[in-house]
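Visitor: File follows, data-v2.pdb with PDB, C-alpha atoms:
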ATOM      1  CA  MET A  21      -9.095  10.710 -11.851  1.00  0.00           C
ATOM      2  CA  GLY A  22      -5.412  10.952 -10.957  1.00  0.00           C
ATOM      3  CA  TYR A  23      -3.668  10.622  -7.643  1.00  0.00           C
ATOM      4  CA  THR A  24      -3.102  13.525  -5.304  1.00  0.00           C
ATOM      5  CA  PRO A  25       0.603  14.123  -4.612  1.00  0.00           C
ATOM      6  CA  GLU A  26       0.157  12.469  -1.185  1.00  0.00           C
ATOM      7  CA  GLN A  27      -1.582   9.436  -2.687  1.00  0.00           C
ATOM      8  CA  MET A  28       1.108   9.141  -5.363  1.00  0.00           C
ATOM      9  CA  ALA A  29       3.816   9.219  -2.670  1.00  0.00           C
ATOM     10  CA  ARG A  30       2.000   6.511  -0.661  1.00  0.00           C
ATOM     11  CA  ARG A  31       1.510   4.470  -3.847  1.00  0.00           C
ATOM     12  CA  ASN A  32       5.179   4.733  -4.764  1.00  0.00           C
ATOM     13  CA  ARG A  33       6.439   3.630  -1.339  1.00  0.00           C
ATOM     14  CA  SER A  34       3.832   0.929  -0.662  1.00  0.00           C
ATOM     15  CA  PHE A  35       5.046  -2.651  -0.284  1.00  0.00           C
ATOM     16  CA  TRP A  36       1.867  -3.667  -2.119  1.00  0.00           C
ATOM     17  CA  THR A  37       2.558  -1.717  -5.325  1.00  0.00           C
ATOM     18  CA  PRO A  38       5.205  -4.157  -6.653  1.00  0.00           C
ATOM     19  CA  VAL A  39       3.189  -7.102  -5.288  1.00  0.00           C
ATOM     20  CA  GLN A  40       0.256  -5.898  -7.385  1.00  0.00           C
ATOM     21  CA  ALA A  41       2.467  -5.336 -10.443  1.00  0.00           C
ATOM     22  CA  VAL A  42       3.981  -8.840 -10.351  1.00  0.00           C
ATOM     23  CA  GLY A  43       0.642 -10.362  -9.380  1.00  0.00           C
ATOM     24  CA  ALA A  44      -1.069  -8.657 -12.320  1.00  0.00           C
ATOM     25  CA  LEU A  45       1.379 -10.315 -14.709  1.00  0.00           C
ATOM     26  CA  ILE A  46       0.838 -13.726 -13.133  1.00  0.00           C
ATOM     27  CA  GLN A  47      -2.922 -13.164 -13.171  1.00  0.00           C
ATOM     28  CA  PHE A  48      -2.795 -12.266 -16.867  1.00  0.00           C
ATOM     29  CA  LEU A  49      -0.830 -15.449 -17.618  1.00  0.00           C
ATOM     30  CA  THR A  50      -3.354 -17.575 -15.692  1.00  0.00           C
ATOM     31  CA  PHE A  51      -6.107 -15.829 -17.656  1.00  0.00           C
ATOM     32  CA  LEU A  52      -4.411 -16.724 -20.962  1.00  0.00           C
ATOM     33  CA  ALA A  53      -3.908 -20.336 -19.880  1.00  0.00           C
ATOM     34  CA  SER A  54      -7.569 -20.643 -18.866  1.00  0.00           C
ATOM     35  CA  LEU A  55      -8.776 -18.982 -22.060  1.00  0.00           C
ATOM     36  CA  ILE A  56      -6.736 -21.254 -24.309  1.00  0.00           C
ATOM     37  CA  LEU A  57      -7.643 -24.397 -22.401  1.00  0.00           C
ATOM     38  CA  VAL A  58     -11.354 -23.540 -22.147  1.00  0.00           C
ATOM     39  CA  ILE A  59     -11.529 -22.887 -25.895  1.00  0.00           C
ATOM     40  CA  ARG A  60      -9.682 -26.160 -26.544  1.00  0.00           C
ATOM     41  CA  PHE A  61     -12.051 -28.071 -24.262  1.00  0.00           C
ATOM     42  CA  LEU A  62     -15.160 -26.529 -25.827  1.00  0.00           C
ATOM     43  CA  ASN A  63     -13.870 -27.376 -29.306  1.00  0.00           C
ATOM     44  CA  THR A  64     -12.534 -30.884 -28.630  1.00  0.00           C
ATOM     45  CA  GLY A  65     -14.000 -32.072 -25.340  1.00  0.00           C
ATOM     46  CA  GLU A  66     -10.439 -32.914 -24.265  1.00  0.00           C
ATOM     47  CA  GLY A  67      -8.375 -31.789 -21.311  1.00  0.00           C
ATOM     48  CA  TYR A  68     -11.072 -31.294 -18.696  1.00  0.00           C
ATOM     49  CA  GLU A  69      -8.743 -31.977 -15.767  1.00  0.00           C
ATOM     50  CA  VAL A  70      -5.931 -29.637 -16.829  1.00  0.00           C
ATOM     51  CA  THR A  71      -8.463 -26.973 -17.788  1.00  0.00           C
ATOM     52  CA  THR A  72     -10.105 -27.259 -14.375  1.00  0.00           C
ATOM     53  CA  VAL A  73      -6.740 -26.901 -12.614  1.00  0.00           C
ATOM     54  CA  ALA A  74      -5.926 -23.813 -14.710  1.00  0.00           C
ATOM     55  CA  ASN A  75      -9.359 -22.329 -14.048  1.00  0.00           C
ATOM     56  CA  VAL A  76      -9.099 -22.848 -10.286  1.00  0.00           C
ATOM     57  CA  ALA A  77      -5.590 -21.331 -10.308  1.00  0.00           C
ATOM     58  CA  LYS A  78      -6.987 -18.341 -12.208  1.00  0.00           C
ATOM     59  CA  VAL A  79      -9.783 -17.877  -9.657  1.00  0.00           C
ATOM     60  CA  LEU A  80      -7.380 -18.216  -6.722  1.00  0.00           C
ATOM     61  CA  MET A  81      -5.110 -15.632  -8.326  1.00  0.00           C
ATOM     62  CA  LEU A  82      -8.061 -13.243  -8.584  1.00  0.00           C
ATOM     63  CA  TYR A  83      -8.794 -13.743  -4.873  1.00  0.00           C
ATOM     64  CA  PHE A  84      -5.107 -13.127  -4.049  1.00  0.00           C
ATOM     65  CA  MET A  85      -5.071  -9.954  -6.136  1.00  0.00           C
ATOM     66  CA  THR A  86      -8.267  -8.758  -4.462  1.00  0.00           C
ATOM     67  CA  VAL A  87      -6.949  -9.257  -0.928  1.00  0.00           C
ATOM     68  CA  THR A  88      -3.545  -7.699  -1.637  1.00  0.00           C
ATOM     69  CA  GLY A  89      -5.270  -4.962  -3.636  1.00  0.00           C
ATOM     70  CA  MET A  90      -7.383  -4.144  -0.608  1.00  0.00           C
ATOM     71  CA  ALA A  91      -4.220  -3.747   1.477  1.00  0.00           C
ATOM     72  CA  TRP A  92      -2.782  -1.482  -1.256  1.00  0.00           C
ATOM     73  CA  GLU A  93      -5.970   0.559  -1.461  1.00  0.00           C
ATOM     74  CA  ASP A  94      -5.998   1.009   2.321  1.00  0.00           C
ATOM     75  CA  GLU A  95      -2.416   2.327   2.247  1.00  0.00           C
ATOM     76  CA  VAL A  96      -2.963   4.641  -0.717  1.00  0.00           C
ATOM     77  CA  PHE A  97      -6.540   5.845  -0.173  1.00  0.00           C
ATOM     78  CA  GLY A  98      -7.176   5.052   3.501  1.00  0.00           C
ATOM     79  CA  ARG A  99      -9.997   2.618   2.777  1.00  0.00           C
ATOM     80  CA  LEU A 100      -9.892  -1.153   2.251  1.00  0.00           C
ATOM     81  CA  PHE A 101     -12.422  -1.306  -0.554  1.00  0.00           C
ATOM     82  CA  MET A 102     -14.609   0.977  -2.643  1.00  0.00           C
ATOM     83  CA  ALA A 103     -12.606   4.129  -1.961  1.00  0.00           C
ATOM     84  CA  ARG A 104     -14.142   6.998  -3.918  1.00  0.00           C
ATOM     85  CA  GLU A 105     -10.988   7.357  -6.040  1.00  0.00           C
ATOM     86  CA  PHE A 106     -10.966   3.660  -6.921  1.00  0.00           C
ATOM     87  CA  PHE A 107     -14.709   3.003  -7.059  1.00  0.00           C
ATOM     88  CA  TRP A 108     -15.036   1.871 -10.687  1.00  0.00           C
ATOM     89  CA  GLU A 109     -12.023  -0.440 -10.535  1.00  0.00           C
ATOM     90  CA  ASP A 110     -13.472  -2.031  -7.388  1.00  0.00           C
ATOM     91  CA  ALA A 111     -16.915  -2.319  -9.002  1.00  0.00           C
ATOM     92  CA  GLY A 112     -15.282  -4.085 -11.958  1.00  0.00           C
ATOM     93  CA  ASN A 113     -13.407  -6.320  -9.548  1.00  0.00           C
ATOM     94  CA  LEU A 114     -16.681  -7.252  -7.825  1.00  0.00           C
ATOM     95  CA  LEU A 115     -18.131  -8.172 -11.206  1.00  0.00           C
ATOM     96  CA  SER A 116     -15.092 -10.355 -11.900  1.00  0.00           C
ATOM     97  CA  LEU A 117     -15.269 -11.939  -8.434  1.00  0.00           C
ATOM     98  CA  THR A 118     -18.923 -12.766  -9.053  1.00  0.00           C
ATOM     99  CA  GLY A 119     -18.232 -14.425 -12.401  1.00  0.00           C
ATOM    100  CA  ASN A 120     -15.257 -16.388 -11.114  1.00  0.00           C
ATOM    101  CA  THR A 121     -17.025 -17.475  -7.944  1.00  0.00           C
ATOM    102  CA  ALA A 122     -19.949 -18.666 -10.085  1.00  0.00           C
ATOM    103  CA  TYR A 123     -17.458 -20.932 -11.859  1.00  0.00           C
ATOM    104  CA  LEU A 124     -16.367 -22.441  -8.525  1.00  0.00           C
ATOM    105  CA  VAL A 125     -20.007 -22.955  -7.564  1.00  0.00           C
ATOM    106  CA  ALA A 126     -20.653 -24.736 -10.873  1.00  0.00           C
ATOM    107  CA  LEU A 127     -17.523 -26.849 -10.414  1.00  0.00           C
ATOM    108  CA  PHE A 128     -18.216 -27.898  -6.829  1.00  0.00           C
ATOM    109  CA  ALA A 129     -21.939 -28.366  -7.464  1.00  0.00           C
ATOM    110  CA  GLY A 130     -20.994 -30.934 -10.101  1.00  0.00           C
ATOM    111  CA  ALA A 131     -22.406 -29.119 -13.114  1.00  0.00           C
ATOM    112  CA  GLU A 132     -21.839 -30.758 -16.481  1.00  0.00           C
ATOM    113  CA  PRO A 133     -18.267 -29.991 -17.685  1.00  0.00           C
ATOM    114  CA  ARG A 134     -19.353 -28.006 -20.758  1.00  0.00           C
ATOM    115  CA  ALA A 135     -21.658 -25.895 -18.571  1.00  0.00           C
ATOM    116  CA  GLN A 136     -18.742 -25.239 -16.208  1.00  0.00           C
ATOM    117  CA  MET A 137     -16.630 -24.055 -19.132  1.00  0.00           C
ATOM    118  CA  TRP A 138     -19.359 -21.729 -20.379  1.00  0.00           C
ATOM    119  CA  VAL A 139     -19.567 -20.227 -16.892  1.00  0.00           C
ATOM    120  CA  MET A 140     -15.795 -19.764 -17.033  1.00  0.00           C
ATOM    121  CA  CYS A 141     -16.219 -17.997 -20.399  1.00  0.00           C
ATOM    122  CA  VAL A 142     -18.412 -15.437 -18.618  1.00  0.00           C
ATOM    123  CA  ALA A 143     -15.816 -15.182 -15.824  1.00  0.00           C
ATOM    124  CA  LEU A 144     -13.062 -14.635 -18.390  1.00  0.00           C
ATOM    125  CA  ALA A 145     -15.099 -11.870 -20.022  1.00  0.00           C
ATOM    126  CA  THR A 146     -15.536 -10.131 -16.649  1.00  0.00           C
ATOM    127  CA  TYR A 147     -11.765 -10.316 -16.171  1.00  0.00           C
ATOM    128  CA  VAL A 148     -11.223  -8.595 -19.525  1.00  0.00           C
ATOM    129  CA  VAL A 149     -13.487  -5.715 -18.470  1.00  0.00           C
ATOM    130  CA  ASN A 150     -11.618  -5.372 -15.164  1.00  0.00           C
ATOM    131  CA  PHE A 151      -8.219  -5.696 -16.891  1.00  0.00           C
ATOM    132  CA  ILE A 152      -9.075  -2.825 -19.237  1.00  0.00           C
ATOM    133  CA  GLN A 153     -10.047  -0.655 -16.260  1.00  0.00           C
ATOM    134  CA  PHE A 154      -6.725  -1.311 -14.530  1.00  0.00           C
ATOM    135  CA  ALA A 155      -4.726  -0.850 -17.732  1.00  0.00           C
ATOM    136  CA  LEU A 156      -6.335   2.551 -18.275  1.00  0.00           C
ATOM    137  CA  ARG A 157      -5.651   3.559 -14.672  1.00  0.00           C
ATOM    138  CA  GLY A 158      -2.053   2.360 -15.003  1.00  0.00           C
ATOM    139  CA  ALA A 159      -1.569   4.428 -18.150  1.00  0.00           C
ATOM    140  CA  ARG A 160      -3.017   7.516 -16.429  1.00  0.00           C
ATOM    141  CA  SER A 161      -0.783   6.905 -13.427  1.00  0.00           C
ATOM    142  CA  ALA A 162       2.321   6.595 -15.606  1.00  0.00           C
ATOM    143  CA  ARG A 163       1.455   9.850 -17.398  1.00  0.00           C
ATOM    144  CA  GLN A 164       0.904  11.590 -14.076  1.00  0.00           C
ATOM    145  CA  LYS A 165       4.194  10.250 -12.698  1.00  0.00           C
ATOM    146  CA  ARG A 166       6.085  11.491 -15.795  1.00  0.00           C
ATOM    147  CA  ALA A 167       4.410  14.903 -15.568  1.00  0.00           C
ATOM    148  CA  GLN A 168       5.346  15.207 -11.894  1.00  0.00           C
ATOM    149  CA  ALA A 169       8.950  14.218 -12.655  1.00  0.00           C
ATOM    150  CA  MET A 170       9.155  16.772 -15.479  1.00  0.00           C
ATOM    151  CA  ALA A 171       7.680  19.461 -13.219  1.00  0.00           C
ATOM    152  CA  ALA A 172      10.201  18.639 -10.496  1.00  0.00           C
ATOM    153  CA  THR A 173      13.056  18.770 -13.029  1.00  0.00           C
ATOM    154  CA  ALA A 174      11.825  22.088 -14.380  1.00  0.00           C
ATOM    155  CA  ALA A 175      11.474  23.525 -10.874  1.00  0.00           C
ATOM    156  CA  GLY A 176      15.002  22.395 -10.000  1.00  0.00           C
ATOM    157  CA  GLY A 177      16.399  24.172 -13.054  1.00  0.00           C
ATOM    158  CA  ARG A 178      15.131  27.614 -12.007  1.00  0.00           C
TER
END
Please express the file's structure as structure tokens.
Guide:
Amino acid sequence: MGYTPEQMARRNRSFWTPVQAVGALIQFLTFLASLILVIRFLNTGEGYEVTTVANVAKVLMLYFMTVTGMAWEDEVFGRLFMAREFFWEDAGNLLSLTGNTAYLVALFAGAEPRAQMWVMCVALATYVVNFIQFALRGARSARQKRAQAMAATAAGGR
């Protein structure tokens, strides 16, 4: 589902749109760091501390993106969370929040380090699902924005 012209205008002028764009890049980089370090730890048993720091940073980044995303969603769709137009992205985000919060529970409950890393593997997989959802929405949004610009150019040429 695309944006209505009013939603697109609110999206384009929202303070939170560039915050989400930059945050998404940082979140992706924290994902990559966690993925690489978790795989390294599971293969070698080395680097638990640095892997834990990267994992916690990744989870905190997800929480940041969720909170700022809620502000964005409220501006664009008039609802903080689970707006009809953004339902599946929010459902995917809830799945990712669940997986990542499970990692924090395992960490703070003192689970065995390898068990913590396997929980993080599940959390990383939930992030991939959510990332794909947002990438698809972003591609649809870019297509819609280009189509609107072309239509405006064509209308101006008449």
Visitor: Report as a list in words the residues that result from applying the PyMOL selection byres ((chain A and resi 77) around 12) to the structure here.
Guide: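 On this input, the PyMOL selection byres ((chain A and resi 77) around 12) captures Ile46, Gln47, Phe48, Leu49, Thr50, Phe51, Leu52, Ala53, Ser54, Val70, Thr71, Thr72, Val73, Ala74, Asn75, Val76, Lys78, Val79, Leu80, Met81, Leu82, Tyr83, Phe84, Asn120, Tyr123 and Leu124 of chain A.
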Visitor: Pick out the closest residue to Ser116 (chain A) from this set: A:Trp92, A:Tyr147, A:Trp138, A:Phe61. Count all atoms listed in the file.
Guide: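 Selected residue with least distance to Ser116 (chain A): A:Tyr147.
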Visitor: Might you pull out every residue within 12 Å of Gln136 (chain A), with only C-alpha atoms counted and same-chain residues fewer than 2 positions away left off, and present them as a ChimeraX atom specification?
Guide: /A:58,61-62,68,71-72,75-76,119-134,138-143
Visitor: Could you tell me how far CA of Phe35 (chain A) lies from CA of Leu144 (chain A), in Å and to one decimal?
Guide: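 According to the coordinates, CA of Phe35 (chain A) and CA of Leu144 (chain A) are separated by 28.3 Å.
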Visitor: Any chance you could resolve the PyMOL selection byres ((chain A and resi 86) around 12) against this file and give the residues as a PyMOL selection string?
Guide: chain A and resi 36+39-40+43-44+47+79-85+87-93+100-102+109-117+150
Visitor: Take the residues from that selection and write them out as a PDB file, keeping the file's coordinate frame, keeping C-alpha atoms.
Guide:
ATOM      1  CA  TRP A  36       1.867  -3.667  -2.119  1.00  0.00           C
ATOM      2  CA  VAL A  39       3.189  -7.102  -5.288  1.00  0.00           C
ATOM      3  CA  GLN A  40       0.256  -5.898  -7.385  1.00  0.00           C
ATOM      4  CA  GLY A  43       0.642 -10.362  -9.380  1.00  0.00           C
ATOM      5  CA  ALA A  44      -1.069  -8.657 -12.320  1.00  0.00           C
ATOM      6  CA  GLN A  47      -2.922 -13.164 -13.171  1.00  0.00           C
ATOM      7  CA  VAL A  79      -9.783 -17.877  -9.657  1.00  0.00           C
ATOM      8  CA  LEU A  80      -7.380 -18.216  -6.722  1.00  0.00           C
ATOM      9  CA  MET A  81      -5.110 -15.632  -8.326  1.00  0.00           C
ATOM     10  CA  LEU A  82      -8.061 -13.243  -8.584  1.00  0.00           C
ATOM     11  CA  TYR A  83      -8.794 -13.743  -4.873  1.00  0.00           C
ATOM     12  CA  PHE A  84      -5.107 -13.127  -4.049  1.00  0.00           C
ATOM     13  CA  MET A  85      -5.071  -9.954  -6.136  1.00  0.00           C
ATOM     14  CA  VAL A  87      -6.949  -9.257  -0.928  1.00  0.00           C
ATOM     15  CA  THR A  88      -3.545  -7.699  -1.637  1.00  0.00           C
ATOM     16  CA  GLY A  89      -5.270  -4.962  -3.636  1.00  0.00           C
ATOM     17  CA  MET A  90      -7.383  -4.144  -0.608  1.00  0.00           C
ATOM     18  CA  ALA A  91      -4.220  -3.747   1.477  1.00  0.00           C
ATOM     19  CA  TRP A  92      -2.782  -1.482  -1.256  1.00  0.00           C
ATOM     20  CA  GLU A  93      -5.970   0.559  -1.461  1.00  0.00           C
ATOM     21  CA  LEU A 100      -9.892  -1.153   2.251  1.00  0.00           C
ATOM     22  CA  PHE A 101     -12.422  -1.306  -0.554  1.00  0.00           C
ATOM     23  CA  MET A 102     -14.609   0.977  -2.643  1.00  0.00           C
ATOM     24  CA  GLU A 109     -12.023  -0.440 -10.535  1.00  0.00           C
ATOM     25  CA  ASP A 110     -13.472  -2.031  -7.388  1.00  0.00           C
ATOM     26  CA  ALA A 111     -16.915  -2.319  -9.002  1.00  0.00           C
ATOM     27  CA  GLY A 112     -15.282  -4.085 -11.958  1.00  0.00           C
ATOM     28  CA  ASN A 113     -13.407  -6.320  -9.548  1.00  0.00           C
ATOM     29  CA  LEU A 114     -16.681  -7.252  -7.825  1.00  0.00           C
ATOM     30  CA  LEU A 115     -18.131  -8.172 -11.206  1.00  0.00           C
ATOM     31  CA  SER A 116     -15.092 -10.355 -11.900  1.00  0.00           C
ATOM     32  CA  LEU A 117     -15.269 -11.939  -8.434  1.00  0.00           C
ATOM     33  CA  ASN A 150     -11.618  -5.372 -15.164  1.00  0.00           C
TER      34      ASN A 150
END
Visitor: Just the residues within 12 Å of Ser161 (chain A), please, counting only C-alpha atoms, with nothing from its chain fewer than 3 positions along; format it as a ChimeraX atom specification.
Guide: /A:21-25,27-29,31-32,154-158,164-168
